[in-house]
file my_file.txt (compact mmCIF, N, CA and C atoms)
# COMPACT_ATOMS: atom_id res chain seq x y z
N MET A 1 89.30 86.98 87.14
CA MET A 1 90.60 86.94 87.77
C MET A 1 90.93 85.57 88.36
N PRO A 2 89.98 84.69 88.65
CA PRO A 2 90.34 83.39 89.20
C PRO A 2 91.22 82.57 88.27
N LYS A 3 91.08 82.73 86.96
CA LYS A 3 91.92 81.98 86.03
C LYS A 3 93.37 82.43 86.10
N MET A 4 93.60 83.63 86.54
CA MET A 4 94.95 84.17 86.61
C MET A 4 95.65 83.83 87.92
N ALA A 5 94.95 83.26 88.88
CA ALA A 5 95.52 83.02 90.20
C ALA A 5 96.81 82.19 90.16
N PRO A 6 96.89 81.09 89.38
CA PRO A 6 98.17 80.36 89.33
C PRO A 6 99.32 81.20 88.78
N LEU A 7 99.00 82.05 87.82
CA LEU A 7 100.03 82.93 87.25
C LEU A 7 100.50 83.94 88.29
N TYR A 8 99.57 84.47 89.07
CA TYR A 8 99.96 85.42 90.11
C TYR A 8 100.79 84.75 91.20
N ARG A 9 100.54 83.49 91.45
CA ARG A 9 101.36 82.76 92.43
C ARG A 9 102.79 82.63 91.96
N ILE A 10 102.97 82.44 90.66
CA ILE A 10 104.33 82.37 90.11
C ILE A 10 105.02 83.71 90.30
N PHE A 11 104.31 84.80 90.01
CA PHE A 11 104.90 86.13 90.18
C PHE A 11 105.16 86.44 91.66
N PHE A 12 104.27 85.95 92.55
CA PHE A 12 104.51 86.10 93.99
C PHE A 12 105.80 85.39 94.39
N ALA A 13 105.98 84.18 93.90
CA ALA A 13 107.21 83.43 94.21
C ALA A 13 108.44 84.14 93.66
N LEU A 14 108.33 84.71 92.47
CA LEU A 14 109.45 85.47 91.91
C LEU A 14 109.74 86.73 92.72
N ALA A 15 108.68 87.38 93.22
CA ALA A 15 108.88 88.57 94.05
C ALA A 15 109.58 88.21 95.35
N MET A 16 109.17 87.11 95.97
CA MET A 16 109.84 86.68 97.21
C MET A 16 111.29 86.27 96.94
N LEU A 17 111.53 85.61 95.81
CA LEU A 17 112.90 85.24 95.43
C LEU A 17 113.75 86.49 95.21
N GLY A 18 113.18 87.49 94.56
CA GLY A 18 113.90 88.75 94.36
C GLY A 18 114.17 89.46 95.67
N LEU A 19 113.22 89.39 96.60
CA LEU A 19 113.41 90.00 97.92
C LEU A 19 114.56 89.32 98.67
N VAL A 20 114.58 88.00 98.63
CA VAL A 20 115.65 87.25 99.32
C VAL A 20 117.00 87.53 98.65
N ALA A 21 117.03 87.55 97.32
CA ALA A 21 118.28 87.81 96.62
C ALA A 21 118.79 89.23 96.89
N SER A 22 117.89 90.20 96.90
CA SER A 22 118.29 91.57 97.20
C SER A 22 118.81 91.69 98.62
N ALA A 23 118.14 91.01 99.55
CA ALA A 23 118.59 91.03 100.94
C ALA A 23 119.96 90.38 101.08
N ALA A 24 120.19 89.30 100.34
CA ALA A 24 121.50 88.63 100.39
C ALA A 24 122.60 89.54 99.86
N VAL A 25 122.33 90.22 98.76
CA VAL A 25 123.33 91.15 98.22
C VAL A 25 123.52 92.32 99.16
N HIS A 26 122.44 92.76 99.80
CA HIS A 26 122.53 93.87 100.75
C HIS A 26 123.42 93.50 101.94
N VAL A 27 123.21 92.31 102.48
CA VAL A 27 124.03 91.85 103.60
C VAL A 27 125.48 91.65 103.15
N ALA A 28 125.67 91.11 101.94
CA ALA A 28 127.02 90.90 101.43
C ALA A 28 127.76 92.22 101.25
N ALA A 29 127.02 93.28 100.91
CA ALA A 29 127.65 94.59 100.76
C ALA A 29 128.17 95.11 102.10
N PHE A 30 127.49 94.76 103.19
CA PHE A 30 127.97 95.16 104.52
C PHE A 30 129.32 94.53 104.83
N PHE A 31 129.50 93.30 104.40
CA PHE A 31 130.74 92.59 104.68
C PHE A 31 131.78 92.79 103.58
N ARG A 32 131.47 93.69 102.65
CA ARG A 32 132.35 94.03 101.54
C ARG A 32 132.76 92.81 100.72
N CYS A 33 131.80 91.91 100.54
CA CYS A 33 132.03 90.74 99.69
C CYS A 33 132.03 91.18 98.23
N THR A 34 132.75 90.46 97.43
CA THR A 34 132.78 90.74 96.00
C THR A 34 131.52 90.19 95.36
N ILE A 35 130.79 91.05 94.72
CA ILE A 35 129.55 90.65 94.06
C ILE A 35 129.79 90.78 92.56
N PRO A 36 129.53 89.71 91.81
CA PRO A 36 129.77 89.78 90.36
C PRO A 36 128.96 90.90 89.72
N ALA A 37 129.61 91.70 88.95
CA ALA A 37 128.95 92.83 88.31
C ALA A 37 127.86 92.37 87.35
N ALA A 38 128.01 91.19 86.79
CA ALA A 38 127.00 90.68 85.86
C ALA A 38 125.69 90.33 86.57
N ALA A 39 125.73 90.10 87.86
CA ALA A 39 124.51 89.73 88.59
C ALA A 39 123.65 90.94 88.92
N LEU A 40 124.24 92.09 89.08
CA LEU A 40 123.49 93.27 89.52
C LEU A 40 122.44 93.75 88.52
N PRO A 41 122.73 93.75 87.21
CA PRO A 41 121.68 94.21 86.28
C PRO A 41 120.47 93.29 86.21
N LEU A 42 120.55 92.11 86.77
CA LEU A 42 119.40 91.21 86.75
C LEU A 42 118.29 91.65 87.69
N PHE A 43 118.62 92.44 88.69
CA PHE A 43 117.62 92.83 89.68
C PHE A 43 116.61 93.82 89.11
N LEU A 44 117.05 94.77 88.32
CA LEU A 44 116.13 95.79 87.83
C LEU A 44 115.08 95.23 86.88
N PRO A 45 115.45 94.38 85.90
CA PRO A 45 114.39 93.75 85.10
C PRO A 45 113.49 92.85 85.94
N GLY A 46 114.07 92.25 86.98
CA GLY A 46 113.26 91.41 87.87
C GLY A 46 112.17 92.21 88.55
N ILE A 47 112.48 93.45 88.91
CA ILE A 47 111.47 94.32 89.52
C ILE A 47 110.33 94.56 88.53
N LEU A 48 110.67 94.82 87.28
CA LEU A 48 109.62 95.06 86.29
C LEU A 48 108.78 93.82 86.06
N VAL A 49 109.42 92.66 86.06
CA VAL A 49 108.70 91.41 85.82
C VAL A 49 107.64 91.17 86.89
N VAL A 50 107.94 91.49 88.13
CA VAL A 50 106.97 91.25 89.20
C VAL A 50 106.11 92.47 89.51
N PHE A 51 106.60 93.66 89.22
CA PHE A 51 105.84 94.85 89.60
C PHE A 51 104.72 95.16 88.61
N LEU A 52 104.90 94.86 87.35
CA LEU A 52 103.83 95.11 86.38
C LEU A 52 102.59 94.27 86.66
N PRO A 53 102.71 92.95 86.92
CA PRO A 53 101.51 92.21 87.32
C PRO A 53 100.93 92.70 88.65
N ALA A 54 101.79 93.16 89.55
CA ALA A 54 101.31 93.67 90.83
C ALA A 54 100.46 94.92 90.62
N ILE A 55 100.86 95.76 89.68
CA ILE A 55 100.06 96.95 89.37
C ILE A 55 98.72 96.55 88.76
N ALA A 56 98.73 95.49 87.93
CA ALA A 56 97.48 95.00 87.34
C ALA A 56 96.53 94.50 88.42
N VAL A 57 97.07 93.86 89.45
CA VAL A 57 96.25 93.38 90.56
C VAL A 57 95.77 94.55 91.41
N ALA A 58 96.60 95.55 91.57
CA ALA A 58 96.26 96.68 92.43
C ALA A 58 95.15 97.55 91.85
N GLY A 59 95.01 97.57 90.54
CA GLY A 59 94.01 98.42 89.91
C GLY A 59 92.61 98.23 90.45
N PRO A 60 92.08 97.01 90.40
CA PRO A 60 90.73 96.81 90.94
C PRO A 60 90.63 97.02 92.46
N ARG A 61 91.72 96.77 93.17
CA ARG A 61 91.68 96.94 94.63
C ARG A 61 91.53 98.40 95.04
N VAL A 62 92.14 99.30 94.29
CA VAL A 62 92.13 100.71 94.70
C VAL A 62 91.10 101.53 93.94
N ALA A 63 90.39 100.92 93.02
CA ALA A 63 89.40 101.65 92.23
C ALA A 63 88.32 102.22 93.14
N GLY A 64 88.09 103.49 93.02
CA GLY A 64 87.03 104.15 93.78
C GLY A 64 87.37 104.45 95.23
N ARG A 65 88.60 104.26 95.63
CA ARG A 65 88.99 104.54 97.02
C ARG A 65 89.62 105.92 97.11
N LYS A 66 89.57 106.45 98.34
CA LYS A 66 90.23 107.72 98.60
C LYS A 66 91.73 107.51 98.63
N LEU A 67 92.47 108.56 98.42
CA LEU A 67 93.92 108.48 98.41
C LEU A 67 94.47 107.98 99.75
N THR A 68 93.82 108.32 100.83
CA THR A 68 94.29 107.90 102.15
C THR A 68 94.04 106.41 102.42
N GLU A 69 93.19 105.78 101.62
CA GLU A 69 92.86 104.37 101.83
C GLU A 69 93.66 103.42 100.93
N ILE A 70 94.51 103.95 100.08
CA ILE A 70 95.19 103.10 99.08
C ILE A 70 96.16 102.12 99.73
N TRP A 71 96.98 102.57 100.68
CA TRP A 71 97.93 101.65 101.30
C TRP A 71 97.20 100.55 102.06
N GLY A 72 96.11 100.87 102.67
CA GLY A 72 95.31 99.85 103.34
C GLY A 72 94.76 98.83 102.35
N ALA A 73 94.38 99.31 101.17
CA ALA A 73 93.87 98.40 100.13
C ALA A 73 94.96 97.48 99.62
N PHE A 74 96.19 97.98 99.57
CA PHE A 74 97.30 97.14 99.11
C PHE A 74 97.49 95.93 100.02
N PHE A 75 97.34 96.14 101.31
CA PHE A 75 97.66 95.09 102.28
C PHE A 75 96.44 94.42 102.89
N GLU A 76 95.23 94.68 102.39
CA GLU A 76 94.03 94.12 103.01
C GLU A 76 93.91 92.61 102.86
N ARG A 77 94.47 92.03 101.83
CA ARG A 77 94.38 90.59 101.62
C ARG A 77 95.63 89.83 102.03
N CYS A 78 96.56 90.52 102.64
CA CYS A 78 97.83 89.90 103.02
C CYS A 78 97.73 89.26 104.39
N PRO A 79 98.45 88.17 104.58
CA PRO A 79 98.55 87.63 105.94
C PRO A 79 99.38 88.57 106.81
N ARG A 80 99.26 88.42 108.10
CA ARG A 80 99.97 89.34 109.01
C ARG A 80 101.47 89.27 108.85
N TRP A 81 102.01 88.07 108.59
CA TRP A 81 103.46 87.95 108.47
C TRP A 81 103.97 88.76 107.28
N LEU A 82 103.20 88.80 106.19
CA LEU A 82 103.64 89.56 105.02
C LEU A 82 103.48 91.06 105.25
N THR A 83 102.43 91.46 105.95
CA THR A 83 102.27 92.87 106.29
C THR A 83 103.38 93.33 107.22
N ALA A 84 103.73 92.50 108.20
CA ALA A 84 104.82 92.84 109.12
C ALA A 84 106.15 92.89 108.38
N LEU A 85 106.37 91.93 107.49
CA LEU A 85 107.61 91.93 106.69
C LEU A 85 107.71 93.19 105.85
N ALA A 86 106.60 93.57 105.23
CA ALA A 86 106.59 94.78 104.41
C ALA A 86 106.89 96.02 105.25
N ALA A 87 106.31 96.09 106.44
CA ALA A 87 106.55 97.25 107.32
C ALA A 87 108.02 97.31 107.73
N VAL A 88 108.59 96.17 108.07
CA VAL A 88 110.00 96.14 108.48
C VAL A 88 110.91 96.53 107.32
N VAL A 89 110.64 95.97 106.14
CA VAL A 89 111.49 96.26 104.98
C VAL A 89 111.39 97.72 104.59
N ILE A 90 110.18 98.28 104.58
CA ILE A 90 110.02 99.68 104.20
C ILE A 90 110.69 100.60 105.22
N ALA A 91 110.50 100.33 106.50
CA ALA A 91 111.14 101.16 107.53
C ALA A 91 112.66 101.06 107.45
N TYR A 92 113.17 99.84 107.29
CA TYR A 92 114.62 99.66 107.19
C TYR A 92 115.16 100.36 105.95
N SER A 93 114.46 100.27 104.85
CA SER A 93 114.94 100.89 103.61
C SER A 93 114.98 102.41 103.72
N LEU A 94 114.02 102.99 104.42
CA LEU A 94 114.07 104.44 104.65
C LEU A 94 115.31 104.82 105.46
N LEU A 95 115.56 104.06 106.51
CA LEU A 95 116.76 104.32 107.32
C LEU A 95 118.03 104.10 106.52
N ALA A 96 118.07 103.04 105.74
CA ALA A 96 119.25 102.75 104.93
C ALA A 96 119.47 103.83 103.87
N PHE A 97 118.39 104.35 103.32
CA PHE A 97 118.52 105.41 102.32
C PHE A 97 119.20 106.63 102.90
N PHE A 98 118.77 107.05 104.08
CA PHE A 98 119.38 108.22 104.70
C PHE A 98 120.79 107.92 105.20
N ALA A 99 121.04 106.70 105.62
CA ALA A 99 122.39 106.32 106.06
C ALA A 99 123.36 106.33 104.89
N VAL A 100 122.91 105.92 103.73
CA VAL A 100 123.78 105.91 102.55
C VAL A 100 124.18 107.32 102.16
N MET A 101 123.28 108.28 102.38
CA MET A 101 123.63 109.67 102.05
C MET A 101 124.69 110.21 102.99
N VAL A 102 124.72 109.70 104.21
CA VAL A 102 125.68 110.19 105.20
C VAL A 102 127.00 109.42 105.11
N ILE A 103 126.92 108.12 104.92
CA ILE A 103 128.12 107.28 104.90
C ILE A 103 128.73 107.29 103.51
N ALA A 104 130.01 107.51 103.46
CA ALA A 104 130.72 107.50 102.19
C ALA A 104 131.61 106.27 102.08
N ALA A 105 131.17 105.18 102.66
CA ALA A 105 131.96 103.94 102.66
C ALA A 105 131.85 103.25 101.31
N PRO A 106 132.85 102.42 100.98
CA PRO A 106 132.73 101.65 99.75
C PRO A 106 131.56 100.69 99.84
N GLY A 107 130.80 100.60 98.79
CA GLY A 107 129.64 99.72 98.78
C GLY A 107 128.37 100.38 99.29
N ALA A 108 128.45 101.64 99.68
CA ALA A 108 127.27 102.32 100.22
C ALA A 108 126.18 102.47 99.16
N GLN A 109 126.59 102.74 97.91
CA GLN A 109 125.60 102.88 96.85
C GLN A 109 124.89 101.56 96.59
N LEU A 110 125.64 100.46 96.67
CA LEU A 110 125.03 99.15 96.49
C LEU A 110 124.04 98.86 97.61
N MET A 111 124.38 99.26 98.83
CA MET A 111 123.46 99.07 99.94
C MET A 111 122.17 99.86 99.73
N GLY A 112 122.31 101.08 99.26
CA GLY A 112 121.13 101.90 99.00
C GLY A 112 120.27 101.35 97.88
N LEU A 113 120.92 100.87 96.82
CA LEU A 113 120.19 100.31 95.69
C LEU A 113 119.43 99.05 96.09
N THR A 114 120.08 98.17 96.82
CA THR A 114 119.41 96.93 97.20
C THR A 114 118.30 97.18 98.23
N ALA A 115 118.47 98.19 99.08
CA ALA A 115 117.40 98.54 100.02
C ALA A 115 116.17 99.02 99.26
N LEU A 116 116.37 99.82 98.23
CA LEU A 116 115.25 100.29 97.41
C LEU A 116 114.61 99.14 96.66
N GLN A 117 115.42 98.22 96.16
CA GLN A 117 114.88 97.06 95.44
C GLN A 117 114.03 96.20 96.36
N MET A 118 114.45 96.07 97.60
CA MET A 118 113.68 95.25 98.54
C MET A 118 112.27 95.82 98.74
N VAL A 119 112.14 97.15 98.73
CA VAL A 119 110.82 97.77 98.87
C VAL A 119 109.92 97.38 97.70
N PHE A 120 110.45 97.47 96.49
CA PHE A 120 109.65 97.11 95.32
C PHE A 120 109.25 95.64 95.35
N TYR A 121 110.17 94.77 95.72
CA TYR A 121 109.85 93.35 95.76
C TYR A 121 108.82 93.02 96.84
N VAL A 122 108.92 93.62 98.02
CA VAL A 122 107.99 93.28 99.09
C VAL A 122 106.60 93.86 98.83
N VAL A 123 106.52 95.03 98.22
CA VAL A 123 105.21 95.59 97.87
C VAL A 123 104.58 94.75 96.76
N ALA A 124 105.37 94.33 95.78
CA ALA A 124 104.84 93.47 94.72
C ALA A 124 104.35 92.15 95.31
N ALA A 125 105.10 91.58 96.25
CA ALA A 125 104.68 90.33 96.87
C ALA A 125 103.38 90.51 97.64
N ALA A 126 103.24 91.63 98.33
CA ALA A 126 102.01 91.89 99.08
C ALA A 126 100.82 92.03 98.16
N LEU A 127 101.01 92.68 97.04
CA LEU A 127 99.90 92.85 96.10
C LEU A 127 99.53 91.54 95.41
N LEU A 128 100.51 90.70 95.16
CA LEU A 128 100.26 89.46 94.44
C LEU A 128 99.80 88.32 95.34
N HIS A 129 99.84 88.51 96.64
CA HIS A 129 99.42 87.42 97.53
C HIS A 129 97.92 87.25 97.51

call {"tool": "encode", "arguments": {"input": "my_file.txt", "output": "structure tokens"}}
result
Amino acid sequence: MPKMAPLYRIFFALAMLGLVASAAVHVAAFFRCTIPAAALPLFLPGILVVFLPAIAVAGPRVAGRKLTEIWGAFFERCPRWLTALAAVVIAYSLLAFFAVMVIAAPGAQLMGLTALQMVFYVVAAALLH
């Protein structure tokens, strides 16, 4: 795996870029900014591009562990700032998900979609770090 480390760094950078882009679109949806429709389909393939290598990295980390230890294994090699960022993003996304079900405002679906995307990007970044 040491030979793959530079490649994983590239995927980590892409995951962080996707996280920032998703957060920017999420904030823009709050202000009802016009977001080009052509930009939105780029996020879903971006998740696959960074999440598939993250799953490859996660395999050896979780091998032989109990189900209750898997989340700890995901974040065991992460710095505290990334673990804290992941906790904040996941907690916020859960709240945003339930808020989207209650709020019928324009752009609510976009807010829910980008909140979910942020979870995938931050977990991928944590695994690839």

call {"tool": "select_by_dssp", "arguments": {"input": "my_file.txt", "residues": "range 20-128 of chain A", "states": "alpha helix (DSSP H)", "output": "NGL selection string"}}
result
:A and (20-30 or 43-62 or 70-75 or 80-102 or 108-128)

call {"tool": "atom_distance", "arguments": {"input": "my_file.txt", "atom1": "CA of Ala15 in chain A", "atom2": "atom C of Ala54 in chain A"}}
result
11.1 Å

call {"tool": "atom_distance", "arguments": {"input": "my_file.txt", "atom1": "CA of Val123 in chain A", "atom2": "CA of Phe30 in chain A"}}
result
23.7 Å

call {"tool": "closest_residue", "arguments": {"input": "my_file.txt", "among": "A:Ala105, A:Ser93, A:Ala58, A:Glu69", "to": "Met118 in chain A", "atoms": "all atoms listed in the file"}}
result
A:Ser93

call {"tool": "residues_around", "arguments": {"input": "my_file.txt", "residues": "Phe120 in chain A", "least_positions_apart": "2", "cutoff": "8 Å", "atoms": "all atoms listed in the file", "output": "PDB file with N, CA and C atoms, in the coordinates of the input"}}
result
ATOM      1  N   ALA A  15     108.680  87.380  93.220  1.00  0.00           N
ATOM      2  CA  ALA A  15     108.880  88.570  94.050  1.00  0.00           C
ATOM      3  C   ALA A  15     109.580  88.210  95.350  1.00  0.00           C
ATOM      4  N   GLY A  18     113.180  87.490  94.560  1.00  0.00           N
ATOM      5  CA  GLY A  18     113.900  88.750  94.360  1.00  0.00           C
ATOM      6  C   GLY A  18     114.170  89.460  95.670  1.00  0.00           C
ATOM      7  N   LEU A  19     113.220  89.390  96.600  1.00  0.00           N
ATOM      8  CA  LEU A  19     113.410  90.000  97.920  1.00  0.00           C
ATOM      9  C   LEU A  19     114.560  89.320  98.670  1.00  0.00           C
ATOM     10  N   ILE A  47     112.480  93.450  88.910  1.00  0.00           N
ATOM     11  CA  ILE A  47     111.470  94.320  89.520  1.00  0.00           C
ATOM     12  C   ILE A  47     110.330  94.560  88.530  1.00  0.00           C
ATOM     13  N   VAL A  50     107.940  91.490  88.130  1.00  0.00           N
ATOM     14  CA  VAL A  50     106.970  91.250  89.200  1.00  0.00           C
ATOM     15  C   VAL A  50     106.110  92.470  89.510  1.00  0.00           C
ATOM     16  N   PHE A  51     106.600  93.660  89.220  1.00  0.00           N
ATOM     17  CA  PHE A  51     105.840  94.850  89.600  1.00  0.00           C
ATOM     18  C   PHE A  51     104.720  95.160  88.610  1.00  0.00           C
ATOM     19  N   ALA A 115     118.470  98.190  99.080  1.00  0.00           N
ATOM     20  CA  ALA A 115     117.400  98.540 100.020  1.00  0.00           C
ATOM     21  C   ALA A 115     116.170  99.020  99.260  1.00  0.00           C
ATOM     22  N   LEU A 116     116.370  99.820  98.230  1.00  0.00           N
ATOM     23  CA  LEU A 116     115.250 100.290  97.410  1.00  0.00           C
ATOM     24  C   LEU A 116     114.610  99.140  96.660  1.00  0.00           C
ATOM     25  N   GLN A 117     115.420  98.220  96.160  1.00  0.00           N
ATOM     26  CA  GLN A 117     114.880  97.060  95.440  1.00  0.00           C
ATOM     27  C   GLN A 117     114.030  96.200  96.360  1.00  0.00           C
ATOM     28  N   MET A 118     114.450  96.070  97.600  1.00  0.00           N
ATOM     29  CA  MET A 118     113.680  95.250  98.540  1.00  0.00           C
ATOM     30  C   MET A 118     112.270  95.820  98.740  1.00  0.00           C
ATOM     31  N   VAL A 122     108.920  93.620  98.020  1.00  0.00           N
ATOM     32  CA  VAL A 122     107.990  93.280  99.090  1.00  0.00           C
ATOM     33  C   VAL A 122     106.600  93.860  98.830  1.00  0.00           C
ATOM     34  N   VAL A 123     106.520  95.030  98.220  1.00  0.00           N
ATOM     35  CA  VAL A 123     105.210  95.590  97.870  1.00  0.00           C
ATOM     36  C   VAL A 123     104.580  94.750  96.760  1.00  0.00           C
ATOM     37  N   ALA A 124     105.370  94.330  95.780  1.00  0.00           N
ATOM     38  CA  ALA A 124     104.840  93.470  94.720  1.00  0.00           C
ATOM     39  C   ALA A 124     104.350  92.150  95.310  1.00  0.00           C
ATOM     40  N   ALA A 125     105.100  91.580  96.250  1.00  0.00           N
ATOM     41  CA  ALA A 125     104.680  90.330  96.870  1.00  0.00           C
ATOM     42  C   ALA A 125     103.380  90.510  97.640  1.00  0.00           C
ATOM     43  N   ALA A 126     103.240  91.630  98.330  1.00  0.00           N
ATOM     44  CA  ALA A 126     102.010  91.890  99.080  1.00  0.00           C
ATOM     45  C   ALA A 126     100.820  92.030  98.160  1.00  0.00           C
TER      46      ALA A 126
END

call {"tool": "atom_distance", "arguments": {"input": "my_file.txt", "atom1": "atom C of Gln109 in chain A", "atom2": "atom N of Ala96 in chain A"}}
result
11.5 Å

call {"tool": "closest_residue", "arguments": {"input": "my_file.txt", "among": "A:Ile70, A:Ala63, A:Tyr121, A:Val57", "to": "Leu14 in chain A", "atoms": "all atoms listed in the file"}}
result
A:Tyr121
